[in-house]
file data_6.cif (mmCIF, C-alpha atoms (C1' of nucleotides))
data_entry
loop_
_atom_site.label_atom_id
_atom_site.label_comp_id
_atom_site.auth_asym_id
_atom_site.auth_seq_id
_atom_site.Cartn_x
_atom_site.Cartn_y
_atom_site.Cartn_z
CA MET A 375 19.58 -6.92 -31.31
CA GLU A 376 19.87 -3.78 -29.20
CA LYS A 377 17.20 -2.88 -26.74
CA SER A 378 14.90 -0.29 -28.25
CA THR A 379 14.69 3.12 -26.63
CA LYS A 380 11.04 2.43 -25.97
CA SER A 381 11.76 -0.67 -23.93
CA LYS A 382 14.56 1.12 -22.13
CA ILE A 383 12.09 3.83 -21.14
CA LEU A 384 9.68 1.21 -19.82
CA GLU A 385 12.41 -0.50 -17.88
CA ALA A 386 13.64 2.73 -16.30
CA ALA A 387 10.11 3.86 -15.50
CA THR A 388 9.29 0.50 -13.89
CA GLU A 389 12.32 0.68 -11.65
CA LEU A 390 11.68 4.25 -10.63
CA MET A 391 8.00 3.65 -9.96
CA ALA A 392 8.81 0.60 -7.89
CA GLU A 393 11.10 2.78 -5.81
CA SER A 394 8.88 5.78 -5.30
CA GLY A 395 5.65 5.47 -7.20
CA TYR A 396 4.13 7.26 -10.14
CA SER A 397 4.79 10.77 -8.91
CA GLY A 398 8.29 9.86 -7.77
CA ALA A 399 9.22 8.72 -11.25
CA SER A 400 9.56 12.06 -13.01
CA MET A 401 10.08 12.34 -16.73
CA ARG A 402 13.42 13.97 -15.96
CA LYS A 403 14.61 10.98 -13.94
CA ILE A 404 13.35 8.49 -16.50
CA ALA A 405 15.12 10.35 -19.30
CA LYS A 406 18.30 10.61 -17.30
CA ARG A 407 18.35 6.89 -16.54
CA VAL A 408 17.81 6.02 -20.21
CA GLY A 409 20.40 8.53 -21.32
CA ILE A 410 18.21 10.78 -23.44
CA ARG A 411 16.44 14.12 -23.00
CA GLU A 412 12.97 14.41 -21.59
CA SER A 413 11.53 15.64 -24.84
CA ALA A 414 12.76 12.53 -26.61
CA ILE A 415 10.45 10.40 -24.49
CA TYR A 416 7.49 12.00 -26.19
CA ASN A 417 8.53 10.38 -29.46
CA HIS A 418 7.68 7.02 -27.87
CA PHE A 419 4.84 7.80 -25.48
CA LYS A 420 2.11 10.37 -25.66
CA ASN A 421 2.65 11.38 -22.03
CA LYS A 422 3.63 10.05 -18.63
CA GLU A 423 0.29 8.39 -18.08
CA ALA A 424 0.77 6.36 -21.26
CA ILE A 425 4.01 4.96 -19.89
CA PHE A 426 2.24 3.86 -16.74
CA GLU A 427 -0.60 2.28 -18.70
CA THR A 428 1.86 0.25 -20.74
CA ILE A 429 3.60 -0.96 -17.61
CA LEU A 430 0.28 -2.04 -16.12
CA GLU A 431 -0.65 -3.95 -19.25
CA ASN A 432 2.55 -5.92 -19.14
CA LEU A 433 2.38 -6.45 -15.40
CA PHE A 434 0.29 -9.56 -15.40
CA HIS A 435 1.29 -11.25 -18.56
CA SER A 436 3.94 -13.36 -16.95
CA ALA A 437 3.28 -14.91 -13.51
CA PHE A 438 1.86 -17.72 -12.11
CA ASP A 439 -1.15 -17.95 -14.31
CA GLU A 440 1.05 -19.76 -16.78
CA PHE A 441 2.18 -22.19 -14.16
CA PHE A 442 -1.36 -23.26 -13.48
CA ALA A 443 -2.81 -22.68 -16.89
CA LYS A 444 -0.99 -25.76 -18.08
CA ARG A 445 -2.61 -27.92 -15.47
CA SER A 446 -6.09 -29.09 -14.85
CA VAL A 447 -7.20 -28.04 -11.39
CA GLU A 448 -9.61 -30.97 -11.42
CA ASP A 449 -6.81 -33.48 -11.75
CA GLU A 450 -4.22 -31.71 -9.65
CA ALA A 451 -6.52 -31.15 -6.70
CA ARG A 452 -6.89 -34.88 -6.17
CA LYS A 453 -3.35 -34.90 -4.93
CA GLY A 454 -4.62 -33.09 -1.84
CA LYS A 455 -1.84 -31.77 0.30
CA ARG A 456 0.72 -32.26 -2.44
CA PHE A 457 -1.23 -29.88 -4.62
CA LEU A 458 -1.24 -27.26 -1.90
CA LYS A 459 2.50 -27.72 -1.41
CA GLU A 460 3.14 -27.13 -5.09
CA TYR A 461 0.89 -24.12 -5.18
CA VAL A 462 2.61 -22.57 -2.18
CA MET A 463 6.01 -23.30 -3.68
CA ALA A 464 5.04 -21.34 -6.78
CA TYR A 465 3.66 -18.56 -4.62
CA LYS A 466 6.86 -18.46 -2.63
CA LEU A 467 9.04 -18.28 -5.72
CA ILE A 468 7.08 -15.30 -6.95
CA SER A 469 7.27 -13.63 -3.56
CA PHE A 470 11.04 -13.73 -3.71
CA ASP A 471 11.45 -12.97 -7.41
CA PRO A 472 12.86 -9.46 -7.97
CA LYS A 473 10.81 -8.73 -11.07
CA HIS A 474 7.51 -9.70 -9.45
CA GLU A 475 8.55 -7.80 -6.39
CA LYS A 476 8.86 -4.60 -8.44
CA PHE A 477 5.40 -5.12 -9.87
CA PHE A 478 3.95 -5.88 -6.47
CA ARG A 479 5.37 -2.65 -5.12
CA ILE A 480 4.03 -0.53 -7.96
CA ILE A 481 0.58 -2.02 -7.53
CA LEU A 482 0.62 -1.43 -3.79
CA ILE A 483 1.78 2.17 -4.12
CA GLU A 484 -0.57 3.10 -6.90
CA MET A 485 -3.68 1.22 -5.82
CA MET A 486 -4.37 4.00 -3.33
CA ARG A 487 -4.27 6.53 -6.15
CA GLU A 488 -6.21 4.90 -8.96
CA LYS A 489 -9.36 2.86 -9.04
CA LYS A 490 -8.14 0.93 -12.05
CA VAL A 491 -5.10 -0.27 -10.11
CA ARG A 492 -7.27 -1.21 -7.15
CA GLU A 493 -9.31 -3.43 -9.41
CA LEU A 494 -6.20 -5.05 -10.82
CA PHE A 495 -5.00 -5.65 -7.30
CA MET A 496 -8.22 -7.29 -6.17
CA LYS A 497 -8.40 -9.41 -9.26
CA HIS A 498 -4.82 -10.63 -9.38
CA PHE A 499 -4.03 -10.93 -5.70
CA PHE A 500 -7.32 -12.26 -4.41
CA ASP A 501 -10.19 -13.08 -6.70
CA LYS A 502 -8.28 -15.05 -9.31
CA ASP A 503 -6.53 -17.27 -6.79
CA VAL A 504 -9.53 -17.64 -4.51
CA LYS A 505 -11.54 -18.89 -7.45
CA MET A 506 -8.96 -21.46 -8.45
CA LEU A 507 -8.33 -22.62 -4.90
CA ALA A 508 -12.05 -22.87 -4.17
CA GLN A 509 -12.35 -25.18 -7.14
CA ALA A 510 -9.48 -27.27 -5.85
CA PHE A 511 -10.93 -27.52 -2.35
CA PHE A 512 -14.27 -28.48 -3.80
CA VAL A 513 -12.64 -31.40 -5.57
CA MET A 514 -10.86 -32.39 -2.38
CA MET A 515 -14.15 -32.36 -0.50
CA GLN A 516 -15.73 -34.58 -3.10
CA HIS A 517 -12.92 -37.06 -2.63
CA ASP A 518 -13.16 -36.93 1.14
CA LEU A 519 -9.66 -35.56 1.46
CA VAL A 520 -10.74 -32.52 3.44
CA ARG A 521 -13.67 -31.81 5.66
CA SER A 522 -16.82 -30.39 4.13
CA ASP A 523 -17.12 -26.63 4.30
CA ASP A 524 -17.60 -23.61 2.05
CA PRO A 525 -14.83 -24.00 -0.56
CA LYS A 526 -14.58 -20.26 -1.13
CA LEU A 527 -14.17 -19.54 2.56
CA MET A 528 -11.53 -22.23 2.77
CA ALA A 529 -9.72 -20.73 -0.19
CA GLN A 530 -9.69 -17.27 1.38
CA GLU A 531 -8.43 -18.68 4.64
CA PHE A 532 -5.68 -20.53 2.84
CA LEU A 533 -4.62 -17.61 0.67
CA SER A 534 -4.59 -14.84 3.29
CA PRO A 535 -1.52 -15.96 5.20
CA LEU A 536 0.35 -16.33 1.92
CA PHE A 537 -0.52 -12.79 0.96
CA THR A 538 0.51 -11.28 4.27
CA MET A 539 3.78 -13.19 4.12
CA ARG A 540 4.43 -11.86 0.65
CA LEU A 541 3.66 -8.35 1.85
CA GLN A 542 5.99 -8.65 4.80
CA VAL A 543 8.76 -10.13 2.69
CA MET A 544 8.48 -7.22 0.27
CA LEU A 545 8.60 -4.65 3.04
CA LEU A 546 11.58 -6.25 4.74
CA ARG A 547 13.48 -6.44 1.47
CA LEU A 548 12.81 -2.76 0.87
CA ASP A 549 15.06 -2.12 3.84
CA GLY A 550 17.48 -4.88 2.98
CA ALA A 551 16.41 -6.77 6.09
CA PRO A 552 16.73 -10.56 6.24
CA THR A 553 13.72 -12.67 5.27
CA THR A 554 15.10 -16.09 6.08
CA SER A 555 12.47 -16.80 8.71
CA PHE A 556 9.79 -16.48 6.06
CA SER A 557 11.37 -19.13 3.92
CA THR A 558 10.19 -21.99 6.10
CA LEU A 559 6.99 -20.19 7.06
CA PHE A 560 5.47 -20.84 3.64
CA GLU A 561 5.86 -24.58 4.10
CA ARG A 562 4.74 -24.52 7.68
CA HIS A 563 1.58 -22.77 6.57
CA VAL A 564 0.58 -25.75 4.44
CA ASP A 565 1.24 -28.17 7.25
CA PHE A 566 -0.72 -26.13 9.72
CA PHE A 567 -3.62 -25.58 7.39
CA TRP A 568 -3.79 -29.17 6.26
CA GLN A 569 -3.97 -30.37 9.80
CA GLY A 570 -7.02 -28.18 10.30
CA ILE A 571 -8.96 -29.44 7.29
CA ALA A 572 -7.71 -32.95 6.51
CA ILE A 573 -9.89 -35.97 7.03
CA VAL A 574 -7.82 -38.71 8.57
CA SER A 575 -9.24 -42.06 7.70
CA MET B 955 -13.72 26.17 23.40
CA GLU B 956 -12.89 26.75 19.75
CA LYS B 957 -10.66 24.35 17.89
CA SER B 958 -7.17 25.75 17.66
CA THR B 959 -5.71 26.54 14.27
CA LYS B 960 -3.06 23.94 14.96
CA SER B 961 -5.56 21.15 15.45
CA LYS B 962 -7.50 22.32 12.41
CA ILE B 963 -4.33 22.03 10.37
CA LEU B 964 -3.77 18.50 11.65
CA GLU B 965 -7.32 17.53 10.87
CA ALA B 966 -7.19 18.93 7.35
CA ALA B 967 -3.81 17.34 6.69
CA THR B 968 -5.02 13.96 7.94
CA GLU B 969 -8.02 14.01 5.64
CA LEU B 970 -6.00 15.09 2.64
CA MET B 971 -3.26 12.54 3.25
CA ALA B 972 -5.81 9.77 3.64
CA GLU B 973 -7.19 10.76 0.25
CA SER B 974 -3.97 11.09 -1.69
CA GLY B 975 -0.95 10.64 0.50
CA TYR B 976 1.80 12.90 1.72
CA SER B 977 2.63 14.43 -1.63
CA GLY B 978 -1.03 14.80 -2.53
CA ALA B 979 -1.67 16.88 0.55
CA SER B 980 -0.01 20.13 -0.47
CA MET B 981 0.44 23.03 1.91
CA ARG B 982 -1.85 25.00 -0.41
CA LYS B 983 -4.69 22.52 -0.04
CA ILE B 984 -4.22 22.21 3.69
CA ALA B 985 -4.26 25.99 4.10
CA LYS B 986 -7.30 26.32 1.89
CA ARG B 987 -9.23 23.71 3.85
CA VAL B 988 -8.39 25.39 7.13
CA GLY B 989 -9.20 28.82 5.75
CA ILE B 990 -5.81 30.48 6.16
CA ARG B 991 -2.82 31.25 3.96
CA GLU B 992 -0.01 28.77 3.42
CA SER B 993 2.48 30.99 5.16
CA ALA B 994 0.34 30.99 8.30
CA ILE B 995 0.88 27.25 8.66
CA TYR B 996 4.52 27.89 9.37
CA ASN B 997 3.57 29.63 12.59
CA HIS B 998 2.38 26.26 13.88
CA PHE B 999 4.67 23.74 12.20
CA LYS B 1000 8.27 24.01 11.13
CA ASN B 1001 7.51 22.45 7.76
CA LYS B 1002 5.32 19.89 6.03
CA GLU B 1003 7.29 16.97 7.40
CA ALA B 1004 6.58 18.15 10.95
CA ILE B 1005 2.85 17.99 10.27
CA PHE B 1006 3.20 14.42 9.09
CA GLU B 1007 5.29 13.47 12.10
CA THR B 1008 2.66 14.82 14.45
CA ILE B 1009 -0.06 12.88 12.68
CA LEU B 1010 1.96 9.68 12.96
CA GLU B 1011 2.51 10.22 16.67
CA ASN B 1012 -1.19 10.53 17.29
CA LEU B 1013 -2.07 7.65 14.99
CA PHE B 1014 -1.77 4.87 17.45
CA HIS B 1015 -2.79 6.45 20.66
CA SER B 1016 -6.37 5.39 20.40
CA ALA B 1017 -7.26 1.90 19.08
CA PHE B 1018 -7.65 -1.37 20.17
CA ASP B 1019 -4.72 -1.50 22.51
CA GLU B 1020 -6.99 0.11 25.07
CA PHE B 1021 -9.63 -2.50 24.55
CA PHE B 1022 -7.23 -5.26 25.45
CA ALA B 1023 -5.02 -3.35 27.82
CA LYS B 1024 -7.81 -3.49 30.36
CA ARG B 1025 -7.96 -7.24 30.21
CA SER B 1026 -5.64 -9.97 31.23
CA VAL B 1027 -4.87 -12.16 28.25
CA GLU B 1028 -4.16 -14.99 30.66
CA ASP B 1029 -7.69 -14.91 32.02
CA GLU B 1030 -9.51 -14.05 28.83
CA ALA B 1031 -7.85 -16.75 26.78
CA ARG B 1032 -9.39 -19.45 28.94
CA LYS B 1033 -12.69 -18.63 27.35
CA GLY B 1034 -11.34 -20.19 24.17
CA LYS B 1035 -13.54 -19.55 21.19
CA ARG B 1036 -15.44 -16.83 23.01
CA PHE B 1037 -12.21 -14.90 23.40
CA LEU B 1038 -11.50 -15.16 19.69
CA LYS B 1039 -15.03 -14.01 18.91
CA GLU B 1040 -14.59 -10.94 21.07
CA TYR B 1041 -11.21 -10.17 19.57
CA VAL B 1042 -12.55 -10.42 16.05
CA MET B 1043 -15.51 -8.27 16.95
CA ALA B 1044 -13.14 -5.53 18.07
CA TYR B 1045 -11.08 -5.99 14.93
CA LYS B 1046 -14.17 -5.74 12.81
CA LEU B 1047 -15.35 -2.56 14.50
CA ILE B 1048 -12.02 -0.93 13.81
CA SER B 1049 -12.07 -2.11 10.21
CA PHE B 1050 -15.32 -0.29 9.65
CA ASP B 1051 -14.57 2.80 11.74
CA PRO B 1052 -14.03 5.89 9.54
CA LYS B 1053 -11.30 7.39 11.70
CA HIS B 1054 -9.24 4.20 11.82
CA GLU B 1055 -9.85 3.77 8.14
CA LYS B 1056 -8.19 7.13 7.46
CA PHE B 1057 -5.16 6.14 9.50
CA PHE B 1058 -4.98 2.77 7.83
CA ARG B 1059 -4.94 4.43 4.43
CA ILE B 1060 -2.23 6.91 5.35
CA ILE B 1061 -0.05 4.14 6.70
CA LEU B 1062 -0.56 2.02 3.60
CA ILE B 1063 0.20 4.87 1.22
CA GLU B 1064 3.23 6.13 3.06
CA MET B 1065 4.79 2.88 4.15
CA MET B 1066 6.19 2.51 0.64
CA ARG B 1067 7.88 5.89 0.98
CA GLU B 1068 9.34 5.89 4.47
CA LYS B 1069 11.10 3.26 6.49
CA LYS B 1070 9.73 4.72 9.70
CA VAL B 1071 6.18 4.18 8.50
CA ARG B 1072 6.99 0.64 7.42
CA GLU B 1073 8.15 -0.10 10.92
CA LEU B 1074 5.00 1.37 12.42
CA PHE B 1075 2.97 -0.76 10.03
CA MET B 1076 4.74 -3.98 10.94
CA LYS B 1077 4.53 -3.24 14.61
CA HIS B 1078 0.89 -2.19 14.81
CA PHE B 1079 -0.66 -4.42 12.20
CA PHE B 1080 1.28 -7.61 12.78
CA ASP B 1081 3.82 -7.93 15.54
CA LYS B 1082 1.77 -6.46 18.35
CA ASP B 1083 -1.29 -8.59 17.65
CA VAL B 1084 0.66 -11.72 16.85
CA LYS B 1085 2.38 -11.46 20.19
CA MET B 1086 -0.85 -11.08 22.10
CA LEU B 1087 -2.64 -13.81 20.18
CA ALA B 1088 0.29 -16.18 20.54
CA GLN B 1089 0.06 -15.70 24.28
CA ALA B 1090 -3.65 -16.44 24.16
CA PHE B 1091 -3.22 -19.59 22.09
CA PHE B 1092 -0.50 -20.75 24.42
CA VAL B 1093 -2.92 -20.52 27.32
CA MET B 1094 -5.56 -22.38 25.32
CA MET B 1095 -3.08 -25.15 24.58
CA GLN B 1096 -2.25 -25.46 28.24
CA HIS B 1097 -5.91 -25.90 29.00
CA ASP B 1098 -6.40 -28.44 26.22
CA LEU B 1099 -8.84 -26.20 24.42
CA VAL B 1100 -6.86 -26.25 21.18
CA ARG B 1101 -4.43 -28.70 19.68
CA SER B 1102 -0.76 -28.34 20.47
CA ASP B 1103 1.24 -26.38 17.91
CA ASP B 1104 3.51 -23.36 17.63
CA PRO B 1105 1.45 -20.56 19.25
CA LYS B 1106 3.10 -17.87 17.13
CA LEU B 1107 2.36 -19.70 13.90
CA MET B 1108 -1.22 -20.18 15.01
CA ALA B 1109 -1.47 -16.48 15.80
CA GLN B 1110 -0.20 -15.48 12.37
CA GLU B 1111 -2.58 -17.87 10.70
CA PHE B 1112 -5.46 -16.48 12.70
CA LEU B 1113 -4.57 -12.83 12.12
CA SER B 1114 -3.80 -12.94 8.38
CA PRO B 1115 -7.35 -13.42 7.13
CA LEU B 1116 -8.47 -10.57 9.38
CA PHE B 1117 -5.87 -8.29 7.91
CA THR B 1118 -6.71 -9.12 4.31
CA MET B 1119 -10.39 -8.59 5.04
CA ARG B 1120 -9.63 -5.21 6.54
CA LEU B 1121 -7.55 -4.32 3.51
CA GLN B 1122 -10.27 -5.34 1.11
CA VAL B 1123 -12.94 -3.50 3.07
CA MET B 1124 -10.85 -0.35 2.94
CA LEU B 1125 -10.29 -0.63 -0.79
CA LEU B 1126 -13.94 -1.27 -1.54
CA ARG B 1127 -15.01 1.67 0.57
CA LEU B 1128 -12.59 3.90 -1.30
CA ASP B 1129 -14.80 3.36 -4.31
CA GLY B 1130 -18.01 3.47 -2.34
CA ALA B 1131 -18.59 -0.21 -3.12
CA PRO B 1132 -20.69 -2.36 -0.78
CA THR B 1133 -18.91 -4.36 1.90
CA THR B 1134 -21.87 -6.22 3.31
CA SER B 1135 -20.47 -9.63 2.41
CA PHE B 1136 -17.48 -8.96 4.64
CA SER B 1137 -19.67 -8.33 7.63
CA THR B 1138 -20.43 -12.00 8.18
CA LEU B 1139 -17.02 -13.10 6.93
CA PHE B 1140 -15.35 -11.93 10.11
CA GLU B 1141 -17.55 -14.23 12.19
CA ARG B 1142 -17.25 -17.10 9.78
CA HIS B 1143 -13.49 -16.82 10.04
CA VAL B 1144 -13.61 -17.63 13.76
CA ASP B 1145 -15.89 -20.60 13.20
CA PHE B 1146 -13.71 -21.96 10.44
CA PHE B 1147 -10.50 -21.47 12.33
CA TRP B 1148 -11.82 -22.88 15.54
CA GLN B 1149 -12.93 -26.02 13.82
CA GLY B 1150 -9.37 -26.50 12.62
CA ILE B 1151 -7.71 -26.16 15.99
CA ALA B 1152 -10.28 -27.11 18.64
CA ILE B 1153 -9.93 -30.24 20.71
CA VAL B 1154 -13.30 -31.86 21.00
CA SER B 1155 -13.50 -33.92 24.12
"C1'" DG C 1231 -0.74 35.02 14.25
"C1'" DT C 1232 -2.13 36.31 9.90
"C1'" DC C 1233 -1.39 38.60 5.71
"C1'" DT C 1234 1.04 39.87 0.78
"C1'" DA C 1235 4.71 39.11 -2.10
"C1'" DT C 1236 8.14 36.49 -3.88
"C1'" DA C 1237 11.98 33.38 -4.22
"C1'" DG C 1238 13.57 29.03 -6.00
"C1'" DA C 1239 13.04 24.32 -7.27
"C1'" DG C 1240 11.00 20.75 -9.87
"C1'" DA C 1241 7.37 19.03 -12.49
"C1'" DG C 1242 4.94 17.90 -17.47
"C1'" DA C 1243 4.82 19.24 -21.93
"C1'" DT C 1244 5.69 21.61 -26.68
"C1'" DA C 1245 8.15 24.11 -30.75
"C1'" DG C 1246 11.41 23.90 -33.92
"C1'" DA C 1247 16.35 23.02 -35.47
"C1'" DC C 1248 19.19 19.15 -36.93
"C1'" DG D 920 14.54 10.30 -33.24
"C1'" DT D 921 17.14 13.34 -30.54
"C1'" DC D 922 18.48 17.75 -29.39
"C1'" DT D 923 18.07 22.89 -27.18
"C1'" DA D 924 15.16 26.16 -25.45
"C1'" DT D 925 11.28 27.54 -23.27
"C1'" DC D 926 6.48 27.75 -21.39
"C1'" DT D 927 3.46 27.03 -17.67
"C1'" DC D 928 2.15 25.09 -13.57
"C1'" DT D 929 2.59 23.66 -8.80
"C1'" DC D 930 5.10 23.03 -5.05
"C1'" DT D 931 7.71 24.35 -0.33
"C1'" DA D 932 9.40 27.94 2.13
"C1'" DT D 933 10.83 32.74 3.65
"C1'" DA D 934 10.80 38.02 4.37
"C1'" DG D 935 8.59 41.58 6.12
"C1'" DA D 936 4.30 44.57 6.87
"C1'" DC D 937 0.31 44.78 9.96
#
call {"tool": "encode", "arguments": {"input": "data_6.cif", "output": "structure tokens"}}
result
Amino acid sequence: MEKSTKSKILEAATELMAESGYSGASMRKIAKRVGIRESAIYNHFKNKEAIFETILENLFHSAFDEFFAKRSVEDEARKGKRFLKEYVMAYKLISFDPKHEKFFRIILIEMMREKKVRELFMKHFFDKDVKMLAQAFFVMMQHDLVRSDDPKLMAQEFLSPLFTMRLQVMLLRLDGAPTTSFSTLFERHVDFFWQGIAIVS
Amino acid sequence: MEKSTKSKILEAATELMAESGYSGASMRKIAKRVGIRESAIYNHFKNKEAIFETILENLFHSAFDEFFAKRSVEDEARKGKRFLKEYVMAYKLISFDPKHEKFFRIILIEMMREKKVRELFMKHFFDKDVKMLAQAFFVMMQHDLVRSDDPKLMAQEFLSPLFTMRLQVMLLRLDGAPTTSFSTLFERHVDFFWQGIAIVS
DNA sequence: GTCTATAGAGAGATAGAC
DNA sequence: GTCTATCTCTCTATAGAC
């Protein structure tokens, strides 16, 4: 089965937008990359905006969510530090995955332009994970694995370094710079954080 | 003393770029806001890029740096938690300051477009502060105020939540959304973090 | 130092033949 | 469903009069 022209357009548009944003991905360039004329694009999408909308819709269907959807946070959280290690490992994989990196870039570029993208950003890079992590920390507190505190605050504190690492990794890779030092940093984050919250009995 | 046309151009360009980036700030719009013709701009700047360069140069002359340049990190760090409180207070002020917010936005929008801006971003939003904070934590470790660990790691862990808060504040304010909950979050961050690293004797 | 006028490039989009 | 041709708009930048 050949790739449809429609999916080729989406693929080309995604790449171009990840390189230089919505305005940088002109219909001319998209058409050229696919190997058709600009006018032919309009047989598949109403206009440029429609292409972008479709990309956004597909953006968050993969991920992460699946990884944790399968599991019960209630059960997993009882593993304490091991749970955090697994979570961070998944986060790290996504940070270094080329496809997710493209999406991350598009979101970052376009969130300054469109409110809708800003909301997606907040939801998928903060709120969603904070909520899940807060739940996990709550369970850990109940089982006296970690010290008692506001679970949501703890979740934000745990997530923030991961986000800034991901951001820095993405920026360095834009320039083809090495990111090896970040590889161990993800793990060291868990160790550091755990030492600050663990109850040693 | 009247504002020079040149400085008016810079001011207009800064505002427009903070709203919609380099490409969104057209020479037409800049000229219109200043109250002159586009061609007149070229009497003051070689081209559009030169306007942007000038803005970037001025970006980091104010700030923060001044606040801490006056002080000796060596001495200040001995205050332990009080030092962190003061640092975060300064960080918070900047996060809510309209002028710094404009700069922050421009940097965020344009760092995806230009390597030079990416480097400025890394330097001024991470490296510079991490370096200073690492120095401070090192002093605190020497004085047995905080537990022994890698000072640089500790600095990154301390700074990351501040950065993500600043980012979220900026995004919310773009939409005119309330940011009151973040006001206390800055202080709560210090309390939380301190509890994780402090040596109680 | 500002203006008018205009060049020249690139963008998004449509009409109509095949 | 793709093509050629073309419209219209916006952009950066320059030439030359005042």
call {"tool": "interface_residues", "arguments": {"input": "data_6.cif", "of": "chain B", "to": "chain C", "cutoff": "9 Å", "atoms": "all atoms listed in the file", "output": "PDB file with C-alpha atoms, in the coordinates of the input"}}
result
ATOM      1  CA  ILE B 990      -5.810  30.480   6.160  1.00  0.00           C
ATOM      2  CA  ARG B 991      -2.820  31.250   3.960  1.00  0.00           C
ATOM      3  CA  SER B 993       2.480  30.990   5.160  1.00  0.00           C
ATOM      4  CA  ALA B 994       0.340  30.990   8.300  1.00  0.00           C
ATOM      5  CA  ASN B 997       3.570  29.630  12.590  1.00  0.00           C
TER       6      ASN B 997
END
call {"tool": "resolve_selection", "arguments": {"input": "data_6.cif", "expression": "the PyMOL selection byres ((chain A and resi 380) around 12)", "output": "mmCIF file with C-alpha atoms (C1' of nucleotides), keeping the file's coordinate frame"}}
result
data_model
loop_
_atom_site.group_PDB
_atom_site.id
_atom_site.type_symbol
_atom_site.label_atom_id
_atom_site.label_comp_id
_atom_site.auth_asym_id
_atom_site.auth_seq_id
_atom_site.Cartn_x
_atom_site.Cartn_y
_atom_site.Cartn_z
ATOM 1 C CA GLU A 376 19.870 -3.780 -29.200
ATOM 2 C CA LYS A 377 17.200 -2.880 -26.740
ATOM 3 C CA SER A 378 14.900 -0.290 -28.250
ATOM 4 C CA THR A 379 14.690 3.120 -26.630
ATOM 5 C CA SER A 381 11.760 -0.670 -23.930
ATOM 6 C CA LYS A 382 14.560 1.120 -22.130
ATOM 7 C CA ILE A 383 12.090 3.830 -21.140
ATOM 8 C CA LEU A 384 9.680 1.210 -19.820
ATOM 9 C CA GLU A 385 12.410 -0.500 -17.880
ATOM 10 C CA ALA A 386 13.640 2.730 -16.300
ATOM 11 C CA ALA A 387 10.110 3.860 -15.500
ATOM 12 C CA ILE A 404 13.350 8.490 -16.500
ATOM 13 C CA ALA A 405 15.120 10.350 -19.300
ATOM 14 C CA VAL A 408 17.810 6.020 -20.210
ATOM 15 C CA ILE A 410 18.210 10.780 -23.440
ATOM 16 C CA ALA A 414 12.760 12.530 -26.610
ATOM 17 C CA ILE A 415 10.450 10.400 -24.490
ATOM 18 C CA TYR A 416 7.490 12.000 -26.190
ATOM 19 C CA ASN A 417 8.530 10.380 -29.460
ATOM 20 C CA HIS A 418 7.680 7.020 -27.870
ATOM 21 C CA PHE A 419 4.840 7.800 -25.480
ATOM 22 C CA LYS A 420 2.110 10.370 -25.660
ATOM 23 C CA ALA A 424 0.770 6.360 -21.260
ATOM 24 C CA ILE A 425 4.010 4.960 -19.890
ATOM 25 C CA THR A 428 1.860 0.250 -20.740
ATOM 26 C CA ILE A 429 3.600 -0.960 -17.610
ATOM 27 C "C1'" DG D 920 14.540 10.300 -33.240
#
call {"tool": "residues_around", "arguments": {"input": "data_6.cif", "residues": "region 1042-1053 of chain B", "least_positions_apart": "3", "cutoff": "9 Å", "atoms": "all atoms listed in the file", "output": "list in words"}}
result
Ala1017, Phe1018, Phe1021, Phe1037, Leu1038, Lys1039, Lys1056, Phe1057, Phe1058, Leu1116, Met1119, Arg1120, Leu1121, Val1123, Met1124, Ser1137, Phe1140, Glu1141, His1143 and Val1144 of chain B
call {"tool": "atom_distance", "arguments": {"input": "data_6.cif", "atom1": "CA of Ala443 (chain A)", "atom2": "CA of Arg521 (chain A)"}}
result
26.6 Å
call {"tool": "closest_atom_pairs", "arguments": {"input": "data_6.cif", "of": "chain A", "to": "chain B", "cutoff": "6 Å", "atoms": "all atoms listed in the file", "output": "CSV"}}
result
residue,atom,partner,partner_atom,distance
A:Glu531,CA,B:Pro1115,CA,5.9
A:Ser534,CA,B:Pro1115,CA,4.9
A:Pro535,CA,B:Ser1114,CA,4.9
A:Gly570,CA,B:Gly1150,CA,3.7
call {"tool": "atom_distance", "arguments": {"input": "data_6.cif", "atom1": "CA of Met1094 (chain B)", "atom2": "CA of Gly1034 (chain B)"}}
result
6.3 Å
call {"tool": "atom_distance", "arguments": {"input": "data_6.cif", "atom1": "CA of Leu430 (chain A)", "atom2": "CA of Glu412 (chain A)"}}
result
21.5 Å
call {"tool": "axis_aligned_box", "arguments": {"input": "data_6.cif", "around": "region 925-930 of chain D", "padding_each_side": "3 Å", "output": "lines of an AutoDock Vina configuration file"}}
result
center_x = 6.7
center_y = 25.4
center_z = -14.2
size_x = 15.1
size_y = 10.7
size_z = 24.2
call {"tool": "closest_residue", "arguments": {"input": "data_6.cif", "among": "A:Phe512, A:Asn432, A:Gly409, A:Ala529", "to": "chain D", "atoms": "all atoms listed in the file"}}
result
A:Gly409
call {"tool": "resolve_selection", "arguments": {"input": "data_6.cif", "expression": "the PyMOL selection byres ((chain B) within 9 of (chain D))", "output": "NGL selection string"}}
result
:B and (980-982 or 993 or 996 or 1001-1002)
call {"tool": "resolve_selection", "arguments": {"input": "data_6.cif", "expression": "the PyMOL selection byres ((chain A and resi 517) around 12)", "output": "number ranges by chain"}}
result
A: 448-449, 451-454, 510-516, 518-522, 572-573
